[in-house]
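S.K.: Structure incoming, see below.
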Amino acid sequence: MKQAVFALGLFFSPVIYAESLALTAADCIQLQANGVITIGNPVPCERLRRVDFPHYDLNGQKRTGQLIVLDVVAPQVESLMATLWQAKFPIHSALGMEQFQGNDESSMNANNSSAFNGRPTTGGKSWSKHAYGVAIDINPLQNPYVNIADDGGIKVLPQASAKVFLNRLALRPEKPQRIGLADERIADLFAQHGFLTWGGDWDKPIDYQHFEIGSRTYINELIKLPLDLAQANFNQYAASYRQCAKSEVGSLSEVRARCIAKVRK
């Protein structure tokens, strides 16, 4: 694996290793055979990259994972995963969605972190940001999807999260510390790498596991640009957030909220 440059806090340091690779024709055939991508997907398989990276699991053991993402965002995802590794943020597993036949609920039930999946939005018909390879779900069990119906009824996915992880505090009196939760510190690290939208900020649904780069307008803008220009654009997008966060004063919550409002497209 090659050297990756990552941001922790507001500075860069060249350590840790991660690597992104173009998918082969055989990879694309496998994704299609397992329902992860279709001919009508908003981006073709040739635009996808597989990011291989080391991570710690929830027991502190070193593992290797992978995320498939859009080629434009792949270098920033390399850096992001290196950042999480150095921060020792644990990831239960990061297996390819072909191992779950593209079934999002099966992946969530296995507490699997993932990125690309050619599927519609949960409970909807339009393409999910995952179908563009510009969204990442992290530790679904610790960070559930919470849908709130008009009548106030709540549906939690995965269901196993309902009894344990709707309370978002890692530290509670007389209880063991919970790890792997996506909180504002983790949301800030994702934002530093261009994933400015966190589902934990939403009102309905609340999607604690979900991070994405921004609007469909911005995504389509990136897709249409030549790759080198698109990557330069996205790198500047991430840098703009970091520069804003460095200049702002206040708590992490205040700084993140103000800078996302200023920078997100």
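Ligands are numbered from 1 in the order shown, chains are lettered A, B, ... in the order of the structure tokens, and residues start at 1 in each chain.
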Go through range 88-167 of chain A and flag each residue having an atom no more than 12 Å from range 57-64 of chain A; for those, report the closest pair of atoms plus their distance in Å to one decimal, using only C-alpha atoms, ordered by chain and rising number, as a tab-separated table.
M.R.:
```
residue	atom	partner	partner_atom	distance
A:Lys88	CA	A:Gly60	CA	8.5
A:Phe89	CA	A:Asp57	CA	8.6
A:Pro90	CA	A:Asp57	CA	5.0
A:Ile91	CA	A:Asp57	CA	5.0
A:His92	CA	A:Asp57	CA	4.7
A:Ser93	CA	A:Asp57	CA	6.8
A:Ala94	CA	A:Thr64	CA	7.9
A:Leu95	CA	A:Thr64	CA	9.1
A:Gly96	CA	A:Thr64	CA	11.7
A:Asn111	CA	A:Leu58	CA	10.8
A:Asn112	CA	A:Asp57	CA	11.0
A:Ser113	CA	A:Asp57	CA	11.3
A:Asn139	CA	A:Leu58	CA	9.9
A:Leu141	CA	A:Leu58	CA	11.7
A:Gln142	CA	A:Leu58	CA	10.7
```
S.K.: Write to file, as a PDB file, in the first residue's frame, the residues of the selection just made, with N, CA and C atoms.
M.R.:
```pdb
ATOM      1  N   LYS A  88      -7.406   5.715  16.192  1.00  0.00           N
ATOM      2  CA  LYS A  88      -7.816   4.439  16.784  1.00  0.00           C
ATOM      3  C   LYS A  88      -9.330   4.332  16.916  1.00  0.00           C
ATOM      4  N   PHE A  89     -10.017   4.945  15.946  1.00  0.00           N
ATOM      5  CA  PHE A  89     -11.473   4.798  15.904  1.00  0.00           C
ATOM      6  C   PHE A  89     -11.796   3.404  15.377  1.00  0.00           C
ATOM      7  N   PRO A  90     -12.520   2.580  16.145  1.00  0.00           N
ATOM      8  CA  PRO A  90     -12.734   1.190  15.731  1.00  0.00           C
ATOM      9  C   PRO A  90     -13.853   1.038  14.709  1.00  0.00           C
ATOM     10  N   ILE A  91     -13.646   0.138  13.772  1.00  0.00           N
ATOM     11  CA  ILE A  91     -14.633  -0.205  12.752  1.00  0.00           C
ATOM     12  C   ILE A  91     -14.857  -1.710  12.825  1.00  0.00           C
ATOM     13  N   HIS A  92     -16.085  -2.126  13.058  1.00  0.00           N
ATOM     14  CA  HIS A  92     -16.357  -3.548  13.231  1.00  0.00           C
ATOM     15  C   HIS A  92     -15.906  -4.349  12.013  1.00  0.00           C
ATOM     16  N   SER A  93     -16.345  -3.945  10.833  1.00  0.00           N
ATOM     17  CA  SER A  93     -15.908  -4.577   9.585  1.00  0.00           C
ATOM     18  C   SER A  93     -16.207  -3.639   8.434  1.00  0.00           C
ATOM     19  N   ALA A  94     -15.480  -3.825   7.340  1.00  0.00           N
ATOM     20  CA  ALA A  94     -15.721  -3.060   6.110  1.00  0.00           C
ATOM     21  C   ALA A  94     -15.536  -4.019   4.948  1.00  0.00           C
ATOM     22  N   LEU A  95     -16.580  -4.799   4.698  1.00  0.00           N
ATOM     23  CA  LEU A  95     -16.567  -5.799   3.641  1.00  0.00           C
ATOM     24  C   LEU A  95     -17.310  -5.274   2.424  1.00  0.00           C
ATOM     25  N   GLY A  96     -16.959  -5.776   1.253  1.00  0.00           N
ATOM     26  CA  GLY A  96     -17.627  -5.364   0.032  1.00  0.00           C
ATOM     27  C   GLY A  96     -19.110  -5.714   0.058  1.00  0.00           C
ATOM     28  N   ASN A 111     -23.405  -5.184  11.060  1.00  0.00           N
ATOM     29  CA  ASN A 111     -22.594  -4.061  11.553  1.00  0.00           C
ATOM     30  C   ASN A 111     -21.436  -3.784  10.605  1.00  0.00           C
ATOM     31  N   ASN A 112     -21.743  -3.796   9.324  1.00  0.00           N
ATOM     32  CA  ASN A 112     -20.720  -3.619   8.292  1.00  0.00           C
ATOM     33  C   ASN A 112     -20.693  -2.185   7.780  1.00  0.00           C
ATOM     34  N   SER A 113     -19.529  -1.585   7.749  1.00  0.00           N
ATOM     35  CA  SER A 113     -19.350  -0.245   7.188  1.00  0.00           C
ATOM     36  C   SER A 113     -19.185  -0.364   5.680  1.00  0.00           C
ATOM     37  N   ASN A 139     -20.165   1.755  11.067  1.00  0.00           N
ATOM     38  CA  ASN A 139     -20.648   1.037  12.262  1.00  0.00           C
ATOM     39  C   ASN A 139     -22.159   1.187  12.459  1.00  0.00           C
ATOM     40  N   LEU A 141     -24.517  -0.620  13.706  1.00  0.00           N
ATOM     41  CA  LEU A 141     -25.097  -1.012  14.991  1.00  0.00           C
ATOM     42  C   LEU A 141     -24.947   0.105  16.017  1.00  0.00           C
ATOM     43  N   GLN A 142     -23.754   0.661  16.120  1.00  0.00           N
ATOM     44  CA  GLN A 142     -23.503   1.754  17.067  1.00  0.00           C
ATOM     45  C   GLN A 142     -24.140   3.058  16.604  1.00  0.00           C
TER      46      GLN A 142
END
```
S.K.: Using backbone DSSP assignments, extract all helix (DSSP H, G or I) residues from range 91-253 of chain A; output them as a compact mmCIF listing (two decimals) with N, CA and C atoms, in the first residue's frame.
M.R.:
```
# COMPACT_ATOMS: atom_id res chain seq x y z
N MET A 97 -19.94 -4.85 -0.51
CA MET A 97 -21.39 -5.07 -0.50
C MET A 97 -21.79 -6.28 -1.32
N GLU A 98 -20.92 -6.79 -2.19
CA GLU A 98 -21.25 -8.00 -2.93
C GLU A 98 -21.42 -9.19 -1.98
N GLN A 99 -20.80 -9.11 -0.80
CA GLN A 99 -20.94 -10.19 0.17
C GLN A 99 -22.33 -10.19 0.82
N PHE A 100 -23.08 -9.12 0.59
CA PHE A 100 -24.45 -9.01 1.12
C PHE A 100 -25.47 -8.90 -0.02
N ASP A 104 -28.87 -3.63 1.81
CA ASP A 104 -28.41 -2.67 2.82
C ASP A 104 -28.75 -3.13 4.24
N GLU A 105 -29.94 -3.69 4.43
CA GLU A 105 -30.32 -4.13 5.78
C GLU A 105 -29.45 -5.30 6.24
N SER A 106 -29.09 -6.20 5.33
CA SER A 106 -28.21 -7.32 5.70
C SER A 106 -26.85 -6.80 6.13
N SER A 107 -26.34 -5.80 5.40
CA SER A 107 -25.06 -5.20 5.76
C SER A 107 -25.15 -4.51 7.11
N MET A 108 -26.24 -3.78 7.35
CA MET A 108 -26.43 -3.11 8.64
C MET A 108 -26.52 -4.13 9.78
N ASN A 109 -27.27 -5.21 9.55
CA ASN A 109 -27.44 -6.22 10.60
C ASN A 109 -26.11 -6.88 10.96
N LYS A 129 -27.23 8.57 -2.42
CA LYS A 129 -25.88 9.09 -2.65
C LYS A 129 -24.86 7.95 -2.68
N HIS A 130 -25.21 6.82 -2.07
CA HIS A 130 -24.34 5.64 -2.14
C HIS A 130 -24.19 5.15 -3.58
N ALA A 131 -25.22 5.34 -4.40
CA ALA A 131 -25.17 4.88 -5.79
C ALA A 131 -24.21 5.70 -6.63
N TYR A 132 -23.79 6.86 -6.10
CA TYR A 132 -22.77 7.69 -6.76
C TYR A 132 -21.38 7.42 -6.18
N GLN A 159 -32.38 -3.26 13.84
CA GLN A 159 -33.28 -3.34 14.99
C GLN A 159 -32.53 -3.54 16.30
N ALA A 160 -31.39 -4.23 16.24
CA ALA A 160 -30.62 -4.50 17.46
C ALA A 160 -30.12 -3.22 18.12
N SER A 161 -30.06 -2.13 17.37
CA SER A 161 -29.59 -0.86 17.92
C SER A 161 -30.57 -0.24 18.91
N GLU A 184 -19.68 14.27 17.13
CA GLU A 184 -19.24 15.49 16.44
C GLU A 184 -17.75 15.47 16.13
N ARG A 185 -16.96 14.82 16.97
CA ARG A 185 -15.52 14.71 16.68
C ARG A 185 -15.30 13.92 15.39
N ILE A 186 -16.02 12.82 15.23
CA ILE A 186 -15.88 12.01 14.02
C ILE A 186 -16.48 12.75 12.83
N ALA A 187 -17.61 13.44 13.05
CA ALA A 187 -18.21 14.22 11.97
C ALA A 187 -17.25 15.30 11.47
N ASP A 188 -16.49 15.89 12.38
CA ASP A 188 -15.51 16.89 12.00
C ASP A 188 -14.39 16.28 11.15
N LEU A 189 -13.93 15.08 11.51
CA LEU A 189 -12.89 14.42 10.71
C LEU A 189 -13.40 14.09 9.31
N PHE A 190 -14.63 13.63 9.20
CA PHE A 190 -15.21 13.39 7.87
C PHE A 190 -15.28 14.69 7.08
N ALA A 191 -15.72 15.77 7.74
CA ALA A 191 -15.84 17.05 7.06
C ALA A 191 -14.48 17.55 6.57
N GLN A 192 -13.43 17.31 7.34
CA GLN A 192 -12.09 17.73 6.93
C GLN A 192 -11.68 17.06 5.62
N GLY A 199 -25.64 12.51 8.67
CA GLY A 199 -27.04 12.20 8.95
C GLY A 199 -27.44 12.38 10.39
N GLY A 200 -26.46 12.45 11.29
CA GLY A 200 -26.74 12.72 12.69
C GLY A 200 -27.24 14.13 12.94
N ASP A 201 -27.08 15.01 11.96
CA ASP A 201 -27.58 16.38 12.06
C ASP A 201 -29.01 16.52 11.57
N ARG A 216 -26.84 16.90 -4.77
CA ARG A 216 -26.78 16.22 -6.07
C ARG A 216 -26.24 17.15 -7.14
N THR A 217 -26.54 18.44 -7.02
CA THR A 217 -26.01 19.40 -7.98
C THR A 217 -24.49 19.40 -7.96
N TYR A 218 -23.91 19.41 -6.76
CA TYR A 218 -22.44 19.38 -6.65
C TYR A 218 -21.88 18.04 -7.12
N ILE A 219 -22.54 16.96 -6.76
CA ILE A 219 -22.08 15.64 -7.20
C ILE A 219 -22.04 15.56 -8.72
N ASN A 220 -23.12 16.00 -9.37
CA ASN A 220 -23.17 15.96 -10.83
C ASN A 220 -22.14 16.89 -11.47
N GLU A 221 -21.86 18.00 -10.81
CA GLU A 221 -20.82 18.90 -11.28
C GLU A 221 -19.47 18.19 -11.29
N LEU A 222 -19.16 17.48 -10.23
CA LEU A 222 -17.90 16.76 -10.13
C LEU A 222 -17.81 15.65 -11.17
N ILE A 223 -18.89 14.92 -11.36
CA ILE A 223 -18.89 13.80 -12.31
C ILE A 223 -18.61 14.27 -13.73
N LYS A 224 -19.10 15.45 -14.08
CA LYS A 224 -18.97 15.95 -15.45
C LYS A 224 -17.58 16.52 -15.76
N LEU A 227 -11.28 14.16 -14.64
CA LEU A 227 -10.96 13.63 -13.32
C LEU A 227 -9.98 14.51 -12.56
N ASP A 228 -8.92 14.99 -13.23
CA ASP A 228 -7.93 15.79 -12.50
C ASP A 228 -8.54 17.09 -11.98
N LEU A 229 -9.42 17.71 -12.78
CA LEU A 229 -10.06 18.94 -12.34
C LEU A 229 -11.08 18.66 -11.24
N ALA A 230 -11.78 17.54 -11.35
CA ALA A 230 -12.76 17.18 -10.34
C ALA A 230 -12.09 16.91 -9.00
N GLN A 231 -10.96 16.21 -9.02
CA GLN A 231 -10.25 15.93 -7.77
C GLN A 231 -9.69 17.21 -7.16
N ALA A 232 -9.19 18.10 -8.00
CA ALA A 232 -8.70 19.38 -7.50
C ALA A 232 -9.84 20.18 -6.87
N ASN A 233 -11.00 20.16 -7.51
CA ASN A 233 -12.17 20.85 -6.99
C ASN A 233 -12.57 20.29 -5.63
N PHE A 234 -12.63 18.96 -5.54
CA PHE A 234 -13.05 18.32 -4.28
C PHE A 234 -12.00 18.52 -3.18
N ASN A 235 -10.73 18.48 -3.55
CA ASN A 235 -9.68 18.74 -2.56
C ASN A 235 -9.79 20.15 -2.00
N GLN A 236 -10.11 21.12 -2.86
CA GLN A 236 -10.28 22.49 -2.40
C GLN A 236 -11.52 22.62 -1.52
N TYR A 237 -12.54 21.87 -1.85
CA TYR A 237 -13.78 21.83 -1.05
C TYR A 237 -13.45 21.41 0.38
N ALA A 238 -12.68 20.32 0.51
CA ALA A 238 -12.28 19.84 1.84
C ALA A 238 -11.38 20.86 2.53
N ALA A 239 -10.45 21.44 1.77
CA ALA A 239 -9.52 22.42 2.33
C ALA A 239 -10.26 23.66 2.82
N SER A 240 -11.32 24.04 2.14
CA SER A 240 -12.09 25.21 2.54
C SER A 240 -12.71 25.01 3.92
N TYR A 241 -13.19 23.80 4.18
CA TYR A 241 -13.73 23.52 5.51
C TYR A 241 -12.62 23.61 6.55
N ARG A 242 -11.46 23.01 6.28
CA ARG A 242 -10.36 23.02 7.24
C ARG A 242 -9.89 24.45 7.52
N GLN A 243 -9.80 25.26 6.47
CA GLN A 243 -9.37 26.64 6.64
C GLN A 243 -10.38 27.42 7.47
N CYS A 244 -11.66 27.19 7.22
CA CYS A 244 -12.70 27.86 7.99
C CYS A 244 -12.62 27.46 9.45
N ALA A 245 -12.49 26.15 9.71
CA ALA A 245 -12.44 25.65 11.08
C ALA A 245 -11.23 26.21 11.84
N LYS A 246 -10.15 26.42 11.12
CA LYS A 246 -8.94 26.96 11.74
C LYS A 246 -9.13 28.42 12.15
N SER A 247 -9.93 29.16 11.40
CA SER A 247 -10.08 30.59 11.65
C SER A 247 -11.23 30.93 12.60
N LEU A 252 -16.36 22.97 19.29
CA LEU A 252 -16.36 22.17 18.06
C LEU A 252 -17.73 22.21 17.40
N SER A 253 -18.78 22.13 18.19
CA SER A 253 -20.14 22.16 17.65
C SER A 253 -20.41 23.47 16.92
```
S.K.: Which residue gives the smallest distance to Glu212 in chain A among A:Leu84, A:Val249, A:Leu196, A:Leu157, with only C-alpha atoms counted?
M.R.: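 Once distances to Glu212 in chain A are computed over only C-alpha atoms, the minimum belongs to A:Leu196.
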S.K.: If you run DSSP on the backbone here, which positions in range 39-133 of chain A get strand (DSSP E or B)? Please write them as a ChimeraX atom specification.
M.R.: /A:48-56,62-70,93,112,114,120,127
S.K.: Can you tell me how far CA of Phe211 in chain A sits from CA of Trp198 in chain A, in Å to one decimal?
M.R.: 4.6 Å
S.K.: Got a sec: who's within 8 Å of Ile213 in chain A, counting only C-alpha atoms, leaving out chain neighbours fewer than 6 positions off, as a list of chain:residue names?
M.R.: A:Val134, A:Ala135, A:Gly194, A:Phe195, A:Leu196, A:Thr197, A:Ile219
S.K.: Mind dumping a table of every range 112-181 of chain A residue within 6 Å of range 68-72 of chain A, with the nearest atom pair and its distance in Å to one decimal, using only C-alpha atoms, sorted by chain and rising number, as a Markdown table?
M.R.:
```
| residue | atom | partner | partner_atom | distance |
| --- | --- | --- | --- | --- |
| A:Ala115 | CA | A:Ile68 | CA | 5.8 |
| A:Phe116 | CA | A:Ile68 | CA | 5.3 |
| A:Gly133 | CA | A:Val69 | CA | 4.2 |
```
S.K.: Deliver the residues from the most recent selection as a file, using all heavy atoms, as a short mmCIF file (atom, residue, chain, number, x, y, z; two decimals), in the first residue's frame.
M.R.:
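Saved as part_17.cif:
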```
data_model
loop_
_atom_site.label_atom_id
_atom_site.label_comp_id
_atom_site.auth_asym_id
_atom_site.auth_seq_id
_atom_site.Cartn_x
_atom_site.Cartn_y
_atom_site.Cartn_z
N ALA A 115 -19.68 1.83 1.51
CA ALA A 115 -19.80 3.08 0.76
C ALA A 115 -20.70 2.84 -0.46
O ALA A 115 -21.91 2.90 -0.36
CB ALA A 115 -18.43 3.61 0.37
N PHE A 116 -20.10 2.52 -1.62
CA PHE A 116 -20.91 2.38 -2.83
C PHE A 116 -21.92 1.24 -2.73
O PHE A 116 -21.61 0.15 -2.27
CB PHE A 116 -20.01 2.13 -4.05
CG PHE A 116 -20.81 1.85 -5.29
CD1 PHE A 116 -21.39 2.88 -6.00
CD2 PHE A 116 -21.04 0.54 -5.71
CE1 PHE A 116 -22.18 2.63 -7.12
CE2 PHE A 116 -21.83 0.27 -6.82
CZ PHE A 116 -22.40 1.33 -7.53
N GLY A 133 -21.31 6.65 -5.10
CA GLY A 133 -20.02 6.39 -4.46
C GLY A 133 -19.51 7.57 -3.67
O GLY A 133 -18.29 7.70 -3.46
#
```
S.K.: Please identify all polymer residues within 10 Å of Glu248 in chain A, counting only C-alpha atoms, omitting same-chain residues fewer than 5 positions from it, and present them as an mmCIF file with N, CA, C and O atoms, in the first residue's frame.
M.R.:
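And here is the file that came out, selection.cif:
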```
data_model
loop_
_atom_site.group_PDB
_atom_site.id
_atom_site.type_symbol
_atom_site.label_atom_id
_atom_site.label_comp_id
_atom_site.auth_asym_id
_atom_site.auth_seq_id
_atom_site.Cartn_x
_atom_site.Cartn_y
_atom_site.Cartn_z
ATOM 1 N N GLN A 243 -9.802 25.259 6.466
ATOM 2 C CA GLN A 243 -9.373 26.638 6.637
ATOM 3 C C GLN A 243 -10.376 27.421 7.470
ATOM 4 O O GLN A 243 -10.001 28.221 8.336
ATOM 5 N N GLU A 254 -20.013 24.584 17.537
ATOM 6 C CA GLU A 254 -20.245 25.893 16.935
ATOM 7 C C GLU A 254 -19.432 26.071 15.663
ATOM 8 O O GLU A 254 -19.950 26.538 14.637
ATOM 9 N N VAL A 255 -18.165 25.691 15.716
ATOM 10 C CA VAL A 255 -17.282 25.860 14.561
ATOM 11 C C VAL A 255 -17.733 24.980 13.401
ATOM 12 O O VAL A 255 -17.823 25.433 12.257
ATOM 13 N N ARG A 256 -18.053 23.727 13.701
ATOM 14 C CA ARG A 256 -18.472 22.813 12.632
ATOM 15 C C ARG A 256 -19.748 23.302 11.967
ATOM 16 O O ARG A 256 -19.863 23.324 10.738
ATOM 17 N N ARG A 258 -20.988 26.395 11.795
ATOM 18 C CA ARG A 258 -20.778 27.615 11.006
ATOM 19 C C ARG A 258 -20.033 27.316 9.712
ATOM 20 O O ARG A 258 -20.370 27.851 8.644
ATOM 21 N N CYS A 259 -19.002 26.474 9.794
ATOM 22 C CA CYS A 259 -18.177 26.224 8.615
ATOM 23 C C CYS A 259 -18.901 25.375 7.576
ATOM 24 O O CYS A 259 -18.751 25.601 6.374
#
```
